[in-house]
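See below for the structure under consideration.
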Number of protein chains: 2
Amino acid sequence: MDIVPITPEDFRRFWPEFEAIIRAQETYAFDPSMTYEEAYALWCQSPQRCFVAKEGEEILGSYYLKPNGMGPSAHVCNCGYMVSARARGKGVARALCEHSWEIGRALGYAAMQFNAVVSTNAVAVALWQKLGFAIVGTVPKAYKHGTRGYVDTYVMHKVL
Amino acid sequence: MDIVPITPEDFRRFWPEFEAIIRAQETYAFDPSMTYEEAYALWCQSPQRCFVAKEGEEILGSYYLKPNGMGPSAHVCNCGYMVSARARGKGVARALCEHSWEIGRALGYAAMQFNAVVSTNAVAVALWQKLGFAIVGTVPKAYKHGTRGYVDTYVMHKVL
């Protein structure tokens with residue numbers, strides 16, 4: 001698996017996965033009806049960095065990295081990760097996350113914060129905890145899950 | 001005191017207060033060197049709503065309201081409040097906050113979330129708690145305070 005900066009062509013090939021993830025409304029607080037162009041701007045252009053994990057021509061997953069705040073909070077970064085359905089259970093999320101720490105450290109960040117990890121996303125919550133993230137906050141009913149109704153979100157944090 | 005939608009002229013008159021607040025680096029995770037144009041876009045244009053509190057021609061304070069997330073989290077709003085130095089201790093923050101609940105409810109929001117209340121901002125923390133906000137998270141050392149170094153931030157939440 002190679003993790004490299006995303007190209008417009010990579011995102012075009014990743015879009016069906018991205019679209020399925022946001023349409024499901026189980027993990028991301030993104031507009032489930034956003035267009036391709038809006039998604040490209042949000043995921044690839046607006047953040048500070050965006051990478052893809054590839055195996056040959058197959059896109060296994062992607063993540064972005066950006067500052068979580070400005071000025072006095074610019075030492076904390078924020079990331080979001082997505083893994084293609086066919087590539088799940090193969091350590092892609094872990095590889096992306098560990099890669100993001102290296103990038104974050106190289107950019108001078110002291111910590112990483114996730115603002116809204118959906119509490120019912122047990123696989124992700126368990127992985128982040130295994131990788132050293134702590135749940136530092138629980139926001140009640142902050143996410144309307146596609147099938148489970150209103151569920152809590154977690155704020156998670158790790159020193160880099 | 002009247003609380004009304006902000007105009008470009010209102011913000012022009014409020015700017016010295018806004019600038020002093022961000023330069024102090026004690027309360028907002030905003031770039032302390034941002035320009036007038038950047039501040040206007042951030043505070044007045046990018047949010048869903050922006051209001052000022054006025055007494056005659058004097059600007060007492062201002063707040064913005066915006067969605068805290070998209071799609072499945074679009075039922076939670078976020079606000080930021082600033083009070084002019086000369087108007088502090090007169091109930092302006094409380095009036096702005098209570099006004100924002102009415103606006104938030106009218107726009108269909110079910111809850112309000114503050115993402116990064118600086119823990120050393122004791123007056124604000126105490127007021128928000130008095131007004132029904134709960135501390136639902138504590139992010140360690142997420143804010144580099146102008147004089148106190150790295151301090152925690154709180155996530156605060158209230159059902160509308």
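For the structure tokens, the naming scheme is as follows: chains receive sequential letters (A, B, ...) according to their order of presentation, residues are indexed from 1 within each chain, and ligands are indexed from 1 in presentation order.
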For this session: Pull out every residue of chain B that has at least one atom within 8 Å of chain A, counting only C-alpha atoms, and report them as a list in words.
Result: Gln25, Tyr28, Ala29, Phe30, Asp31, Pro32, Gly69, Met70, Gly71, Pro72, Ser73, Ala74, His75, Val76, Val136, Gly137, Thr138, Val139, Ala142, Tyr143, Lys144, His145, Val155 and His157 of chain B
Selection file, N, CA, C and O atoms, as a CSV table (one decimal), in the first residue's frame:
chain,number,residue,atom,x,y,z
B,25,GLN,N,-5.6,37.3,22.6
B,25,GLN,CA,-5.4,35.8,22.6
B,25,GLN,C,-5.8,35.2,24.0
B,25,GLN,O,-5.0,34.4,24.6
B,28,TYR,N,-10.6,33.7,21.9
B,28,TYR,CA,-11.0,33.2,20.6
B,28,TYR,C,-9.8,32.5,19.9
B,28,TYR,O,-8.7,33.0,20.0
B,29,ALA,N,-10.1,31.4,19.3
B,29,ALA,CA,-9.1,30.7,18.4
B,29,ALA,C,-9.2,31.3,17.0
B,29,ALA,O,-9.4,30.6,16.0
B,30,PHE,N,-9.0,32.6,17.0
B,30,PHE,CA,-8.9,33.3,15.7
B,30,PHE,C,-7.5,33.8,15.5
B,30,PHE,O,-6.8,34.1,16.5
B,31,ASP,N,-7.0,33.9,14.3
B,31,ASP,CA,-5.7,34.4,14.0
B,31,ASP,C,-5.6,35.8,14.5
B,31,ASP,O,-6.4,36.7,14.0
B,32,PRO,N,-4.7,36.1,15.4
B,32,PRO,CA,-4.7,37.4,16.0
B,32,PRO,C,-4.2,38.5,15.1
B,32,PRO,O,-4.4,39.7,15.4
B,69,GLY,N,-22.5,21.6,12.3
B,69,GLY,CA,-22.1,20.5,11.4
B,69,GLY,C,-23.0,20.5,10.2
B,69,GLY,O,-24.0,21.3,10.1
B,70,MET,N,-22.8,19.6,9.3
B,70,MET,CA,-23.7,19.5,8.1
B,70,MET,C,-24.5,18.2,8.2
B,70,MET,O,-24.2,17.3,9.0
B,71,GLY,N,-25.5,18.1,7.3
B,71,GLY,CA,-26.2,16.8,7.2
B,71,GLY,C,-26.7,16.3,8.6
B,71,GLY,O,-27.5,17.0,9.2
B,72,PRO,N,-26.2,15.2,9.0
B,72,PRO,CA,-26.7,14.5,10.2
B,72,PRO,C,-26.4,15.3,11.5
B,72,PRO,O,-27.0,15.0,12.6
B,73,SER,N,-25.6,16.4,11.4
B,73,SER,CA,-25.4,17.2,12.6
B,73,SER,C,-25.9,18.6,12.4
B,73,SER,O,-25.6,19.5,13.2
B,74,ALA,N,-26.8,18.8,11.4
B,74,ALA,CA,-27.3,20.2,11.1
B,74,ALA,C,-28.3,20.6,12.0
B,74,ALA,O,-28.8,21.7,11.9
B,75,HIS,N,-28.7,19.8,13.0
B,75,HIS,CA,-29.7,20.2,14.0
B,75,HIS,C,-29.1,20.9,15.2
B,75,HIS,O,-29.7,21.3,16.1
B,76,VAL,N,-27.7,21.0,15.2
B,76,VAL,CA,-27.0,21.7,16.3
B,76,VAL,C,-26.4,22.9,15.7
B,76,VAL,O,-25.7,22.9,14.7
B,136,VAL,N,-19.4,19.4,28.4
B,136,VAL,CA,-19.5,18.0,28.0
B,136,VAL,C,-18.2,17.5,27.5
B,136,VAL,O,-18.1,16.3,27.1
B,137,GLY,N,-17.1,18.3,27.5
B,137,GLY,CA,-15.8,17.8,27.1
B,137,GLY,C,-14.8,18.8,27.6
B,137,GLY,O,-15.0,20.0,27.7
B,138,THR,N,-13.5,18.3,27.8
B,138,THR,CA,-12.4,19.1,28.1
B,138,THR,C,-11.2,18.7,27.3
B,138,THR,O,-10.7,17.6,27.4
B,139,VAL,N,-10.8,19.6,26.4
B,139,VAL,CA,-9.7,19.3,25.5
B,139,VAL,C,-8.4,19.8,26.1
B,139,VAL,O,-8.2,21.0,26.4
B,142,ALA,N,-5.5,22.9,24.6
B,142,ALA,CA,-5.9,23.2,23.2
B,142,ALA,C,-5.8,24.6,22.8
B,142,ALA,O,-6.0,25.0,21.7
B,143,TYR,N,-5.5,25.5,23.8
B,143,TYR,CA,-5.4,26.9,23.5
B,143,TYR,C,-4.2,27.5,24.1
B,143,TYR,O,-3.9,27.3,25.3
B,144,LYS,N,-3.4,28.3,23.3
B,144,LYS,CA,-2.2,28.9,23.8
B,144,LYS,C,-2.6,30.4,24.2
B,144,LYS,O,-2.7,31.3,23.4
B,145,HIS,N,-2.8,30.5,25.5
B,145,HIS,CA,-3.3,31.8,26.1
B,145,HIS,C,-2.2,32.8,26.0
B,145,HIS,O,-1.0,32.5,26.2
B,155,VAL,N,-15.8,22.0,25.7
B,155,VAL,CA,-17.0,21.8,24.8
B,155,VAL,C,-18.2,22.0,25.7
B,155,VAL,O,-18.3,21.4,26.7
B,157,HIS,N,-22.6,22.6,25.9
B,157,HIS,CA,-23.8,22.2,25.1
B,157,HIS,C,-25.1,22.5,25.9
B,157,HIS,O,-25.1,22.4,27.1
For this session: With a distance cut-off of 10 Å and only C-alpha atoms, select the neighbouring residues of Ala87 of chain B, excluding the residue or stretch itself and same-chain residues fewer than 2 positions from it, and output the selection as a PyMOL selection string.
Result: chain B and resi 58-61+83-85+89-93
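Closest approach to Arg94 of chain B among B:Arg12, B:Lys130, B:Arg49, B:Lys66 is made by B:Lys130 (distances from only C-alpha atoms).
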Problem set entry | Within 9 Å of Pro5 of chain B using only C-alpha atoms, minus same-chain residues under 4 positions, as a list of chain:residue names | B:Arg49, B:Cys50, B:Phe51, B:Val52, B:Ala53
For this session: Could you find all residues in chain A that DSSP calls strand (DSSP E or B) from the backbone, and write them as a ChimeraX atom specification?
Result: /A:2-5,49-55,58-67,76-83,111-118,134-145,149-159
For this session: Would you work out the distance separating atom CA of Ala41 of chain A from atom CA of His99 of chain A, expressed in Å to one decimal?
Result: 22.0 Å
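Atom to atom, atom CA of Leu107 of chain B and atom CA of Asn78 of chain B stand 12.4 Å apart.
Going from atom CA of Met1 of chain A over to atom CA of Glu57 of chain A, you cover 10.5 Å.
With only C-alpha atoms as the atoms that count, the minimum distance from Tyr36 of chain A to the choices A:Gly80, A:Phe11, A:Thr147, A:Lys54 is reached by A:Phe11.
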Problem set entry | DSSP helix (DSSP H, G or I) residues within chain A, as an MDAnalysis selection string | chainID A and resid 8:24 36:45 71:73 85:87 92:106 122:130
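If only C-alpha atoms are the atoms counted, then among B:Leu131, B:Val151, B:Leu96, B:Ile3 the closest residue to Glu55 of chain B is B:Ile3.
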